[in-house]
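Enquirer: Just one file: structure.pdb, with PDB, C-alpha atoms.
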ATOM      1  CA  MET A 227     -10.525 -13.303  49.188
ATOM      2  CA  THR A 228     -13.973 -13.386  50.801
ATOM      3  CA  ILE A 229     -17.090 -12.131  49.030
ATOM      4  CA  LEU A 230     -19.819 -10.372  50.998
ATOM      5  CA  MET A 231     -23.160 -10.579  49.235
ATOM      6  CA  THR A 232     -25.309  -7.754  50.583
ATOM      7  CA  ASN A 233     -29.025  -7.334  50.265
ATOM      8  CA  ASP A 234     -30.541  -3.932  50.998
ATOM      9  CA  SER A 235     -33.955  -5.369  50.147
ATOM     10  CA  GLY A 236     -33.701  -7.197  53.460
ATOM     11  CA  LEU A 237     -34.218  -3.834  55.128
ATOM     12  CA  GLU A 238     -37.617  -3.566  53.407
ATOM     13  CA  HIS A 239     -38.907  -6.885  54.749
ATOM     14  CA  GLN A 240     -41.090  -5.996  57.717
ATOM     15  CA  MET A 241     -42.448  -8.185  60.477
ATOM     16  CA  PRO A 242     -44.948  -7.248  63.217
ATOM     17  CA  GLN A 243     -43.798  -4.748  65.827
ATOM     18  CA  GLY A 244     -41.786  -6.457  68.556
ATOM     19  CA  HIS A 245     -40.979  -9.486  66.380
ATOM     20  CA  PRO A 246     -37.451 -10.847  67.005
ATOM     21  CA  GLU A 247     -36.719 -11.197  63.275
ATOM     22  CA  GLN A 248     -36.525  -7.441  62.865
ATOM     23  CA  ILE A 249     -34.956  -5.073  60.360
ATOM     24  CA  ALA A 250     -32.388  -4.033  62.978
ATOM     25  CA  ARG A 251     -30.791  -7.487  62.703
ATOM     26  CA  LEU A 252     -29.486  -6.718  59.242
ATOM     27  CA  GLU A 253     -28.641  -3.150  60.214
ATOM     28  CA  PHE A 254     -26.435  -4.407  63.072
ATOM     29  CA  VAL A 255     -24.772  -6.986  60.816
ATOM     30  CA  ASN A 256     -24.117  -4.380  58.113
ATOM     31  CA  ALA A 257     -22.646  -1.984  60.664
ATOM     32  CA  ALA A 258     -20.355  -4.663  62.116
ATOM     33  CA  LEU A 259     -19.096  -5.599  58.652
ATOM     34  CA  SER A 260     -18.449  -1.930  57.812
ATOM     35  CA  ALA A 261     -15.680  -1.656  60.407
ATOM     36  CA  PRO A 262     -12.130  -1.031  59.114
ATOM     37  CA  GLY A 263     -11.113  -4.654  59.641
ATOM     38  CA  PHE A 264     -13.471  -5.649  56.823
ATOM     39  CA  ASP A 265     -12.177  -3.271  54.153
ATOM     40  CA  ASP A 266     -10.807  -6.189  52.126
ATOM     41  CA  LEU A 267     -14.183  -7.829  51.628
ATOM     42  CA  ASP A 268     -15.292  -8.082  48.008
ATOM     43  CA  ARG A 269     -18.731  -6.491  48.427
ATOM     44  CA  ARG A 270     -21.345  -7.409  45.849
ATOM     45  CA  PRO A 271     -25.096  -6.760  45.630
ATOM     46  CA  SER A 272     -27.274  -9.840  45.811
ATOM     47  CA  PRO A 273     -29.077 -10.355  42.497
ATOM     48  CA  MET A 274     -32.724 -11.306  42.239
ATOM     49  CA  ALA A 275     -33.343 -15.010  41.917
ATOM     50  CA  ASP A 276     -35.717 -16.134  39.217
ATOM     51  CA  GLU A 277     -38.798 -18.129  40.144
ATOM     52  CA  THR A 278     -37.278 -21.062  38.273
ATOM     53  CA  ASP A 279     -34.464 -21.023  40.826
ATOM     54  CA  LEU A 280     -36.987 -21.576  43.613
ATOM     55  CA  LEU A 281     -38.311 -24.605  41.735
ATOM     56  CA  LEU A 282     -35.005 -26.367  42.294
ATOM     57  CA  ALA A 283     -36.302 -27.224  45.766
ATOM     58  CA  HIS A 284     -39.940 -26.102  46.037
ATOM     59  CA  PRO A 285     -42.995 -27.108  43.973
ATOM     60  CA  GLU A 286     -44.541 -24.474  41.738
ATOM     61  CA  GLY A 287     -47.698 -24.284  43.836
ATOM     62  CA  HIS A 288     -45.724 -23.225  46.904
ATOM     63  CA  VAL A 289     -43.922 -20.483  45.006
ATOM     64  CA  THR A 290     -47.159 -19.233  43.455
ATOM     65  CA  ARG A 291     -49.006 -19.142  46.768
ATOM     66  CA  ILE A 292     -46.309 -17.043  48.422
ATOM     67  CA  ARG A 293     -45.937 -14.710  45.453
ATOM     68  CA  ASP A 294     -49.692 -14.160  45.268
ATOM     69  CA  ALA A 295     -49.940 -13.601  49.029
ATOM     70  CA  ALA A 296     -47.601 -10.598  48.967
ATOM     71  CA  PRO A 297     -49.570  -7.561  50.169
ATOM     72  CA  LYS A 298     -49.613  -4.167  48.474
ATOM     73  CA  ALA A 299     -49.712  -2.557  51.935
ATOM     74  CA  GLY A 300     -49.552  -3.662  55.544
ATOM     75  CA  LEU A 301     -48.699  -7.173  56.684
ATOM     76  CA  ILE A 302     -50.146 -10.605  56.009
ATOM     77  CA  ALA A 303     -49.457 -13.627  58.216
ATOM     78  CA  LEU A 304     -48.328 -16.812  56.489
ATOM     79  CA  ASP A 305     -48.141 -18.664  59.795
ATOM     80  CA  PRO A 306     -48.160 -17.525  63.438
ATOM     81  CA  ASP A 307     -44.444 -16.610  63.231
ATOM     82  CA  THR A 308     -43.982 -15.583  59.612
ATOM     83  CA  SER A 309     -45.396 -12.518  57.870
ATOM     84  CA  MET A 310     -45.037 -10.752  54.533
ATOM     85  CA  SER A 311     -44.906  -7.008  53.858
ATOM     86  CA  PRO A 312     -44.765  -5.280  50.454
ATOM     87  CA  GLY A 313     -40.967  -5.641  50.445
ATOM     88  CA  THR A 314     -40.810  -9.295  51.483
ATOM     89  CA  TRP A 315     -41.080 -10.955  48.069
ATOM     90  CA  GLN A 316     -38.093  -9.074  46.663
ATOM     91  CA  ALA A 317     -36.089  -9.605  49.862
ATOM     92  CA  ALA A 318     -36.725 -13.346  49.689
ATOM     93  CA  LEU A 319     -35.722 -13.509  46.024
ATOM     94  CA  ARG A 320     -32.528 -11.569  46.705
ATOM     95  CA  GLY A 321     -31.733 -13.871  49.625
ATOM     96  CA  VAL A 322     -31.880 -16.871  47.305
ATOM     97  CA  GLY A 323     -30.160 -14.946  44.526
ATOM     98  CA  GLY A 324     -27.317 -13.944  46.821
ATOM     99  CA  CYS A 325     -26.682 -17.558  47.753
ATOM    100  CA  LEU A 326     -26.711 -18.686  44.131
ATOM    101  CA  ALA A 327     -24.406 -15.872  43.024
ATOM    102  CA  ALA A 328     -22.031 -16.671  45.875
ATOM    103  CA  VAL A 329     -21.917 -20.320  44.811
ATOM    104  CA  ASP A 330     -21.265 -19.260  41.209
ATOM    105  CA  ALA A 331     -18.410 -16.966  42.238
ATOM    106  CA  VAL A 332     -16.732 -19.401  44.625
ATOM    107  CA  LEU A 333     -16.939 -22.305  42.159
ATOM    108  CA  ALA A 334     -15.520 -20.023  39.447
ATOM    109  CA  GLY A 335     -12.513 -19.321  41.665
ATOM    110  CA  GLU A 336     -13.306 -15.617  42.050
ATOM    111  CA  ALA A 337     -12.999 -15.995  45.827
ATOM    112  CA  LYS A 338     -12.215 -18.741  48.279
ATOM    113  CA  ASN A 339     -15.392 -18.260  50.277
ATOM    114  CA  ALA A 340     -18.408 -16.002  50.690
ATOM    115  CA  PHE A 341     -20.909 -14.779  53.266
ATOM    116  CA  VAL A 342     -24.470 -13.812  52.364
ATOM    117  CA  ALA A 343     -25.960 -11.196  54.697
ATOM    118  CA  THR A 344     -29.691 -11.526  54.184
ATOM    119  CA  ARG A 345     -33.121 -11.732  55.685
ATOM    120  CA  PRO A 346     -35.572 -13.415  55.764
ATOM    121  CA  PRO A 347     -33.642 -16.536  56.749
ATOM    122  CA  GLY A 348     -34.362 -19.869  55.077
ATOM    123  CA  HIS A 349     -33.636 -23.059  56.968
ATOM    124  CA  HIS A 350     -37.157 -23.578  58.395
ATOM    125  CA  ALA A 351     -38.951 -23.310  55.021
ATOM    126  CA  GLU A 352     -40.249 -26.738  54.060
ATOM    127  CA  LYS A 353     -41.223 -27.885  50.553
ATOM    128  CA  THR A 354     -44.756 -26.548  50.785
ATOM    129  CA  ARG A 355     -44.817 -24.572  54.029
ATOM    130  CA  PRO A 356     -43.258 -21.256  55.040
ATOM    131  CA  MET A 357     -42.529 -21.263  58.765
ATOM    132  CA  GLY A 358     -40.176 -20.044  61.453
ATOM    133  CA  PHE A 359     -39.601 -16.624  59.808
ATOM    134  CA  CYS A 360     -38.591 -18.384  56.537
ATOM    135  CA  LEU A 361     -40.195 -18.463  53.070
ATOM    136  CA  PHE A 362     -37.750 -20.390  50.888
ATOM    137  CA  GLY A 363     -34.860 -22.733  51.623
ATOM    138  CA  ASN A 364     -31.974 -20.434  50.662
ATOM    139  CA  VAL A 365     -29.167 -22.883  51.397
ATOM    140  CA  ALA A 366     -30.984 -25.992  50.166
ATOM    141  CA  ILE A 367     -31.694 -24.232  46.863
ATOM    142  CA  ALA A 368     -28.007 -23.280  46.663
ATOM    143  CA  ALA A 369     -27.066 -26.931  47.127
ATOM    144  CA  LYS A 370     -29.427 -28.005  44.345
ATOM    145  CA  HIS A 371     -27.962 -25.245  42.150
ATOM    146  CA  ALA A 372     -24.415 -26.484  42.744
ATOM    147  CA  LEU A 373     -25.424 -30.049  41.930
ATOM    148  CA  GLY A 374     -27.684 -29.497  38.948
ATOM    149  CA  ARG A 375     -26.117 -26.487  37.269
ATOM    150  CA  HIS A 376     -22.451 -26.868  38.195
ATOM    151  CA  GLY A 377     -22.304 -30.640  38.013
ATOM    152  CA  LEU A 378     -20.998 -31.264  41.520
ATOM    153  CA  SER A 379     -21.515 -34.732  42.933
ATOM    154  CA  ARG A 380     -21.143 -34.069  46.690
ATOM    155  CA  VAL A 381     -22.204 -30.963  48.624
ATOM    156  CA  ALA A 382     -22.243 -30.659  52.407
ATOM    157  CA  ILE A 383     -24.342 -28.309  54.529
ATOM    158  CA  VAL A 384     -23.405 -27.496  58.121
ATOM    159  CA  ASP A 385     -26.164 -25.795  60.115
ATOM    160  CA  PHE A 386     -25.099 -24.478  63.526
ATOM    161  CA  ASP A 387     -28.202 -22.375  64.167
ATOM    162  CA  VAL A 388     -29.617 -23.131  67.620
ATOM    163  CA  HIS A 389     -32.882 -24.256  65.998
ATOM    164  CA  HIS A 390     -32.988 -27.379  63.856
ATOM    165  CA  GLY A 391     -33.077 -26.732  60.111
ATOM    166  CA  ASN A 392     -36.235 -28.720  59.559
ATOM    167  CA  GLY A 393     -36.796 -27.065  56.192
ATOM    168  CA  THR A 394     -33.368 -27.959  54.856
ATOM    169  CA  GLN A 395     -33.892 -31.502  56.102
ATOM    170  CA  ASP A 396     -37.298 -31.705  54.406
ATOM    171  CA  LEU A 397     -36.029 -30.309  51.116
ATOM    172  CA  LEU A 398     -33.013 -32.641  51.004
ATOM    173  CA  TRP A 399     -34.344 -35.782  52.704
ATOM    174  CA  ASP A 400     -34.178 -37.761  49.450
ATOM    175  CA  GLU A 401     -31.032 -36.112  48.060
ATOM    176  CA  ASP A 402     -28.183 -38.621  48.221
ATOM    177  CA  ARG A 403     -25.655 -36.075  46.907
ATOM    178  CA  VAL A 404     -25.955 -33.786  49.950
ATOM    179  CA  LEU A 405     -24.757 -34.392  53.488
ATOM    180  CA  PHE A 406     -26.748 -32.287  55.959
ATOM    181  CA  ILE A 407     -25.142 -31.846  59.380
ATOM    182  CA  SER A 408     -27.091 -29.993  62.065
ATOM    183  CA  SER A 409     -26.273 -29.181  65.681
ATOM    184  CA  HIS A 410     -29.156 -27.620  67.581
ATOM    185  CA  GLN A 411     -30.739 -27.343  71.002
ATOM    186  CA  MET A 412     -33.330 -29.950  71.884
ATOM    187  CA  PRO A 413     -36.006 -29.601  73.118
ATOM    188  CA  LEU A 414     -36.699 -26.386  71.212
ATOM    189  CA  TYR A 415     -38.672 -25.131  68.226
ATOM    190  CA  PRO A 416     -39.458 -26.644  65.728
ATOM    191  CA  GLY A 417     -39.291 -29.976  67.568
ATOM    192  CA  THR A 418     -37.517 -31.894  64.806
ATOM    193  CA  GLY A 419     -33.887 -32.964  64.526
ATOM    194  CA  ALA A 420     -33.720 -36.133  66.597
ATOM    195  CA  ALA A 421     -30.670 -38.313  66.065
ATOM    196  CA  HIS A 422     -32.773 -41.036  64.446
ATOM    197  CA  GLU A 423     -33.809 -38.682  61.615
ATOM    198  CA  ARG A 424     -31.149 -39.738  59.128
ATOM    199  CA  GLY A 425     -32.604 -39.113  55.659
ATOM    200  CA  ALA A 426     -33.540 -41.564  52.931
ATOM    201  CA  HIS A 427     -29.878 -42.333  52.222
ATOM    202  CA  GLY A 428     -28.308 -41.827  55.640
ATOM    203  CA  ASN A 429     -27.416 -38.351  54.387
ATOM    204  CA  ILE A 430     -28.516 -36.446  57.508
ATOM    205  CA  LEU A 431     -26.615 -36.186  60.771
ATOM    206  CA  ASN A 432     -28.562 -34.516  63.571
ATOM    207  CA  VAL A 433     -26.794 -33.862  66.870
ATOM    208  CA  PRO A 434     -29.158 -32.448  69.523
ATOM    209  CA  LEU A 435     -27.544 -30.375  72.277
ATOM    210  CA  SER A 436     -28.950 -30.128  75.783
ATOM    211  CA  PRO A 437     -30.233 -26.768  77.060
ATOM    212  CA  GLY A 438     -27.517 -25.026  79.044
ATOM    213  CA  SER A 439     -24.647 -26.732  77.242
ATOM    214  CA  ASP A 440     -21.712 -24.507  76.397
ATOM    215  CA  GLY A 441     -19.017 -23.952  73.822
ATOM    216  CA  GLU A 442     -16.759 -26.580  75.354
ATOM    217  CA  THR A 443     -19.449 -29.177  74.733
ATOM    218  CA  MET A 444     -19.891 -27.922  71.184
ATOM    219  CA  ARG A 445     -16.167 -28.074  70.462
ATOM    220  CA  SER A 446     -15.979 -31.616  71.772
ATOM    221  CA  ILE A 447     -18.913 -32.826  69.664
ATOM    222  CA  TYR A 448     -17.735 -31.113  66.498
ATOM    223  CA  GLY A 449     -14.179 -32.301  67.038
ATOM    224  CA  SER A 450     -15.099 -35.918  67.687
ATOM    225  CA  ARG A 451     -18.118 -36.454  65.414
ATOM    226  CA  LEU A 452     -19.234 -33.726  63.063
ATOM    227  CA  LEU A 453     -15.961 -32.500  61.568
ATOM    228  CA  PRO A 454     -14.679 -36.057  60.982
ATOM    229  CA  ARG A 455     -17.958 -36.927  59.209
ATOM    230  CA  LEU A 456     -17.622 -33.818  57.070
ATOM    231  CA  ARG A 457     -14.015 -34.662  56.224
ATOM    232  CA  ASP A 458     -14.860 -38.276  55.389
ATOM    233  CA  TYR A 459     -17.640 -37.170  53.052
ATOM    234  CA  GLN A 460     -15.136 -35.251  50.893
ATOM    235  CA  PRO A 461     -17.582 -32.602  49.676
ATOM    236  CA  GLU A 462     -16.739 -30.454  46.682
ATOM    237  CA  LEU A 463     -18.418 -27.452  48.332
ATOM    238  CA  VAL A 464     -19.386 -26.657  51.930
ATOM    239  CA  LEU A 465     -22.487 -24.564  52.567
ATOM    240  CA  VAL A 466     -23.136 -23.119  56.011
ATOM    241  CA  SER A 467     -26.410 -22.106  57.632
ATOM    242  CA  ALA A 468     -24.902 -19.544  59.973
ATOM    243  CA  GLY A 469     -27.287 -18.880  62.809
ATOM    244  CA  PHE A 470     -25.854 -17.076  65.832
ATOM    245  CA  ASP A 471     -28.685 -17.764  68.273
ATOM    246  CA  ALA A 472     -26.690 -20.365  70.200
ATOM    247  CA  HIS A 473     -24.978 -17.354  71.774
ATOM    248  CA  SER A 474     -25.355 -17.157  75.549
ATOM    249  CA  ASP A 475     -27.086 -13.754  75.230
ATOM    250  CA  ASP A 476     -29.736 -14.853  72.743
ATOM    251  CA  PRO A 477     -33.313 -14.536  74.051
ATOM    252  CA  LEU A 478     -34.884 -17.389  72.055
ATOM    253  CA  ALA A 479     -32.779 -20.323  73.239
ATOM    254  CA  ASN A 480     -30.650 -21.687  76.058
ATOM    255  CA  LEU A 481     -27.206 -22.603  74.754
ATOM    256  CA  ASN A 482     -24.156 -20.826  76.109
ATOM    257  CA  TRP A 483     -21.763 -20.318  73.207
ATOM    258  CA  SER A 484     -19.445 -17.315  73.176
ATOM    259  CA  THR A 485     -18.447 -15.146  70.242
ATOM    260  CA  GLU A 486     -15.095 -16.933  70.199
ATOM    261  CA  ASP A 487     -16.891 -20.287  69.919
ATOM    262  CA  PHE A 488     -18.361 -19.180  66.588
ATOM    263  CA  ALA A 489     -14.917 -18.042  65.451
ATOM    264  CA  TRP A 490     -13.412 -21.402  66.476
ATOM    265  CA  LEU A 491     -16.091 -23.363  64.640
ATOM    266  CA  THR A 492     -15.659 -21.278  61.498
ATOM    267  CA  ARG A 493     -11.898 -21.790  61.546
ATOM    268  CA  GLU A 494     -12.374 -25.542  61.935
ATOM    269  CA  LEU A 495     -14.840 -25.675  59.044
ATOM    270  CA  CYS A 496     -12.346 -23.736  56.929
ATOM    271  CA  LYS A 497      -9.605 -26.217  57.805
ATOM    272  CA  VAL A 498     -11.716 -29.128  56.604
ATOM    273  CA  ALA A 499     -12.717 -27.230  53.467
ATOM    274  CA  ASP A 500      -9.042 -26.500  52.769
ATOM    275  CA  GLU A 501      -8.326 -30.225  52.980
ATOM    276  CA  VAL A 502     -11.171 -31.489  50.818
ATOM    277  CA  CYS A 503     -12.484 -28.781  48.465
ATOM    278  CA  GLU A 504      -9.904 -26.019  48.020
ATOM    279  CA  GLY A 505     -11.453 -24.051  50.876
ATOM    280  CA  ARG A 506     -14.739 -23.486  49.058
ATOM    281  CA  ILE A 507     -17.374 -22.324  51.559
ATOM    282  CA  VAL A 508     -20.562 -20.306  51.085
ATOM    283  CA  SER A 509     -22.216 -19.202  54.331
ATOM    284  CA  SER A 510     -25.636 -17.603  54.673
ATOM    285  CA  LEU A 511     -27.133 -15.791  57.652
ATOM    286  CA  GLU A 512     -29.890 -17.582  59.536
ATOM    287  CA  GLY A 513     -30.876 -16.692  63.133
ATOM    288  CA  GLY A 514     -29.521 -14.559  65.964
ATOM    289  CA  TYR A 515     -31.808 -12.257  67.920
ATOM    290  CA  ASN A 516     -29.740 -10.392  70.501
ATOM    291  CA  LEU A 517     -28.545  -7.541  68.313
ATOM    292  CA  PRO A 518     -25.078  -6.904  69.826
ATOM    293  CA  ALA A 519     -24.373 -10.638  70.117
ATOM    294  CA  LEU A 520     -25.500 -11.170  66.517
ATOM    295  CA  ALA A 521     -23.257  -8.378  65.273
ATOM    296  CA  ASN A 522     -20.222  -9.571  67.219
ATOM    297  CA  ALA A 523     -20.623 -13.235  66.310
ATOM    298  CA  THR A 524     -21.232 -12.476  62.638
ATOM    299  CA  ALA A 525     -18.121 -10.301  62.571
ATOM    300  CA  ALA A 526     -16.082 -13.092  64.159
ATOM    301  CA  HIS A 527     -17.457 -15.595  61.634
ATOM    302  CA  VAL A 528     -16.675 -13.404  58.622
ATOM    303  CA  LEU A 529     -13.227 -12.484  59.961
ATOM    304  CA  ALA A 530     -12.412 -16.184  60.275
ATOM    305  CA  LEU A 531     -13.533 -16.705  56.665
ATOM    306  CA  MET A 532     -11.293 -13.819  55.563
ATOM    307  CA  GLU A 533      -8.309 -15.247  57.416
ATOM    308  CA  ALA A 534      -8.732 -18.789  56.051
TER     309      ALA A 534
END
Would you give me this structure, written as structure tokens?

Expert:
Amino acid sequence: MTILMTNDSGLEHQMPQGHPEQIARLEFVNAALSAPGFDDLDRRPSPMADETDLLLAHPEGHVTRIRDAAPKAGLIALDPDTSMSPGTWQAALRGVGGCLAAVDAVLAGEAKNAFVATRPPGHHAEKTRPMGFCLFGNVAIAAKHALGRHGLSRVAIVDFDVHHGNGTQDLLWDEDRVLFISSHQMPLYPGTGAAHERGAHGNILNVPLSPGSDGETMRSIYGSRLLPRLRDYQPELVLVSAGFDAHSDDPLANLNWSTEDFAWLTRELCKVADEVCEGRIVSSLEGGYNLPALANATAAHVLALMEA
């Protein structure tokens, strides 16, 4: 059984006209996951996170500043790439809440795995800085929730978004109970993610990929380095930052993965999870900015979760 945490509030989070992180992203994902092949999904509404949940990874001042910045009308820019509209605060809280509820359900054995369809994304949000379309570290907060509230001792995060998850790295740099694995194009925004960035406890594995590299390169690197490291770590839960902007059709980057590459990677992650943690995976949507490619790759990812 696979849970789909859905978040209609994500449709109320507006960005400036022409911005790539647009409402249509979630509309295309929702439409793809409404096809007959997804009838067996256990569909659940994403609950609202509490502000105390955000404090698992962010200081109170950061949370307060973002909450107080929320406009009553129009848009306000938090940084050159990241804006808030009247619906953004609730969308962000439901994004975090969906991840936490998915972790709760998977660890309770209600489903083997889960996918959280949400926006805004989260993996660029640092401890005290919203950036890169992101306000809060959805997946990093979920990891802290699994550790602190469920008593897990080892959680792994795999981030295959084309952009480095600098926020996740920042939030978990000192966390020796989390392994953070990231593959990403370099050079590319945000400019972090070099191989020598390893975390305070050697808990971070960054693997930069050259512009123009394809799915064959990805499969080789994951097969030889990243999946073995994940397996050796023996996590009790695998979290996934599922960005689909490494797709060859994506306008914001220059990797050449196919839809089937995302399906292959998901199946391989499920195999490792089956070996080490009873298949427990919670995946959350990050990037992906070509709408048809995003829809197709997300559908392939979720179908692979359902078939695991």

Enquirer: Could I get the residues of stretch 322-419 of chain A with an atom no further than 8 Å from an atom of stretch 457-461 of chain A, each paired with its nearest atom pair and that distance in Å to one decimal, using all atoms listed in the file, sorted by chain and residue number, as CSV?

Expert:
residue,atom,partner,partner_atom,distance
A:Arg380,CA,A:Pro461,CA,4.9
A:Val381,CA,A:Pro461,CA,5.0
A:Ala382,CA,A:Pro461,CA,5.7
A:Leu405,CA,A:Tyr459,CA,7.7

Enquirer: Taking the file above as input, evaluate the PyMOL selection byres ((chain A and resi 509) around 6) and report the hits as a VMD selection string.

Expert: chain A and resid 341 465 to 466 508 510

Enquirer: Since I can't run it myself right now, could you work out what the PyMOL selection byres ((chain A and resi 333) around 10) selects here and report it as a CSV table (one decimal) with C-alpha atoms, in the frame of the given file?

Expert:
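Just written: out.csv:
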chain,number,residue,atom,x,y,z
A,327,ALA,CA,-24.4,-15.9,43.0
A,328,ALA,CA,-22.0,-16.7,45.9
A,329,VAL,CA,-21.9,-20.3,44.8
A,330,ASP,CA,-21.3,-19.3,41.2
A,331,ALA,CA,-18.4,-17.0,42.2
A,332,VAL,CA,-16.7,-19.4,44.6
A,334,ALA,CA,-15.5,-20.0,39.4
A,335,GLY,CA,-12.5,-19.3,41.7
A,336,GLU,CA,-13.3,-15.6,42.0
A,337,ALA,CA,-13.0,-16.0,45.8
A,338,LYS,CA,-12.2,-18.7,48.3
A,339,ASN,CA,-15.4,-18.3,50.3
A,372,ALA,CA,-24.4,-26.5,42.7
A,376,HIS,CA,-22.5,-26.9,38.2
A,378,LEU,CA,-21.0,-31.3,41.5
A,462,GLU,CA,-16.7,-30.5,46.7
A,463,LEU,CA,-18.4,-27.5,48.3
A,504,GLU,CA,-9.9,-26.0,48.0
A,506,ARG,CA,-14.7,-23.5,49.1
A,507,ILE,CA,-17.4,-22.3,51.6
A,508,VAL,CA,-20.6,-20.3,51.1

Enquirer: Within 7 Å of stretch 397-402 of chain A, counting all atoms listed in the file, which residues qualify if same-chain residues fewer than 6 places away don't, as a compact mmCIF listing (two decimals) with C-alpha atoms, keeping the file's coordinate frame?

Expert:
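To be explicit, this is the file written out as part_28.txt:
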# COMPACT_ATOMS: atom_id res chain seq x y z
CA ALA A 283 -36.30 -27.22 45.77
CA GLU A 352 -40.25 -26.74 54.06
CA LYS A 353 -41.22 -27.88 50.55
CA ALA A 366 -30.98 -25.99 50.17
CA GLY A 425 -32.60 -39.11 55.66
CA ALA A 426 -33.54 -41.56 52.93
CA HIS A 427 -29.88 -42.33 52.22
CA ASN A 429 -27.42 -38.35 54.39

Enquirer: Can you tell me which residues surround A:Asp476 at a distance of at most 7 Å, considering all atoms listed in the file, apart from same-chain residues fewer than 6 positions away, and format the answer as a list of chain:residue names?

Expert: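 Listed by chain and then number, they are A:Gly514, A:Tyr515, A:Asn516.
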
Enquirer: Interatomic distance between atom CA of A:Thr485 and atom CA of A:Gly393?

Expert: 26.0 Å

Enquirer: Do a neighbour search on A:Met357 at 7 Å with only C-alpha atoms, toss out local chain neighbours closer than 3 positions, and write the hits as a PyMOL selection string.

Expert: chain A and resi 305+307-308+350-351+360-361

Enquirer: Which residue is closest to A:Met444? Choose from A:Asn482, A:Ser309, A:Gln240, A:Ser467 and count all atoms listed in the file.

Expert: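 Comparing A:Asn482, A:Ser309, A:Gln240, A:Ser467 against A:Met444, the winner is A:Asn482.
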
Enquirer: Which one of A:Ala258, A:Ala489, A:Ile447, A:Met231 sits closest to A:Leu531 if you count all atoms listed in the file?

Expert: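 Using all atoms listed in the file, the shortest distance to A:Leu531 belongs to A:Ala489.
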
Enquirer: Evaluate the PyMOL selection byres ((chain A and resi 496) around 9) here and jot the selected residues down as a list in words.

Expert: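 When the PyMOL selection byres ((chain A and resi 496) around 9) is applied, the selected residues are Leu491, Thr492, Arg493, Glu494, Leu495, Lys497, Val498, Ala499, Asp500, Glu501, Gly505, Arg506, Ile507, Ala530, Leu531 and Ala534 of chain A.
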
Enquirer: Write the residues of the preceding selection, restricted to C-alpha atoms, as a PDB file, keeping the file's coordinate frame.

Expert:
ATOM      1  CA  LEU A 491     -16.091 -23.363  64.640  1.00  0.00           C
ATOM      2  CA  THR A 492     -15.659 -21.278  61.498  1.00  0.00           C
ATOM      3  CA  ARG A 493     -11.898 -21.790  61.546  1.00  0.00           C
ATOM      4  CA  GLU A 494     -12.374 -25.542  61.935  1.00  0.00           C
ATOM      5  CA  LEU A 495     -14.840 -25.675  59.044  1.00  0.00           C
ATOM      6  CA  LYS A 497      -9.605 -26.217  57.805  1.00  0.00           C
ATOM      7  CA  VAL A 498     -11.716 -29.128  56.604  1.00  0.00           C
ATOM      8  CA  ALA A 499     -12.717 -27.230  53.467  1.00  0.00           C
ATOM      9  CA  ASP A 500      -9.042 -26.500  52.769  1.00  0.00           C
ATOM     10  CA  GLU A 501      -8.326 -30.225  52.980  1.00  0.00           C
ATOM     11  CA  GLY A 505     -11.453 -24.051  50.876  1.00  0.00           C
ATOM     12  CA  ARG A 506     -14.739 -23.486  49.058  1.00  0.00           C
ATOM     13  CA  ILE A 507     -17.374 -22.324  51.559  1.00  0.00           C
ATOM     14  CA  ALA A 530     -12.412 -16.184  60.275  1.00  0.00           C
ATOM     15  CA  LEU A 531     -13.533 -16.705  56.665  1.00  0.00           C
ATOM     16  CA  ALA A 534      -8.732 -18.789  56.051  1.00  0.00           C
TER      17      ALA A 534
END

Enquirer: Using only C-alpha atoms, list the residues that have an atom at most 6 Å from (-40.6, -7.6, 55.6), coordinates as in the file, as a list in words.

Expert: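 Residues with an atom at most 6 Å from (-40.6, -7.6, 55.6): Glu238, His239, Gln240, Met241, Met310, Ser311, Gly313 and Thr314 of chain A.
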
Enquirer: Taking C-alpha atoms for each residue, export the selection above as a short mmCIF file (atom, residue, chain, number, x, y, z; two decimals), in the frame of the given file.

Expert:
data_model
loop_
_atom_site.label_atom_id
_atom_site.label_comp_id
_atom_site.auth_asym_id
_atom_site.auth_seq_id
_atom_site.Cartn_x
_atom_site.Cartn_y
_atom_site.Cartn_z
CA GLU A 238 -37.62 -3.57 53.41
CA HIS A 239 -38.91 -6.88 54.75
CA GLN A 240 -41.09 -6.00 57.72
CA MET A 241 -42.45 -8.18 60.48
CA MET A 310 -45.04 -10.75 54.53
CA SER A 311 -44.91 -7.01 53.86
CA GLY A 313 -40.97 -5.64 50.44
CA THR A 314 -40.81 -9.30 51.48
#

Enquirer: Would you work out the distance separating atom CA of A:Arg451 from atom CA of A:His349, expressed in Å to one decimal?

Expert: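 Value for the atom CA of A:Arg451-atom CA of A:His349 distance: 22.2 Å.
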
Enquirer: Please report the interatomic distance between atom CA of A:Phe386 and atom CA of A:Leu252 in Å with one decimal.

Expert: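 Between atom CA of A:Phe386 and atom CA of A:Leu252 the gap works out to 18.8 Å.
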
Enquirer: Which is closest to A:Gly300 among A:Gln243, A:Pro437, A:Pro416, A:Leu520, if we use all atoms listed in the file?

Expert: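 Of A:Gln243, A:Pro437, A:Pro416, A:Leu520, the one nearest A:Gly300 is A:Gln243, counting all atoms listed in the file.
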
Enquirer: Once you add 5 Å to each side, what are the centre and edge lengths of the axis-aligned box holding all listed atoms of stretch 314-321 of chain A? One decimal in Å, as JSON, if you can.

Expert:
{"center_x": -36.4, "center_y": -11.5, "center_z": 48.8, "size_x": 19.3, "size_y": 14.8, "size_z": 15.5}

Enquirer: Given only C-alpha atoms as the basis, pick out the residue of A:His410, A:Arg251, A:Arg269, A:Arg320 nearest to A:His390.

Expert: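 Using only C-alpha atoms, the shortest distance to A:His390 belongs to A:His410.
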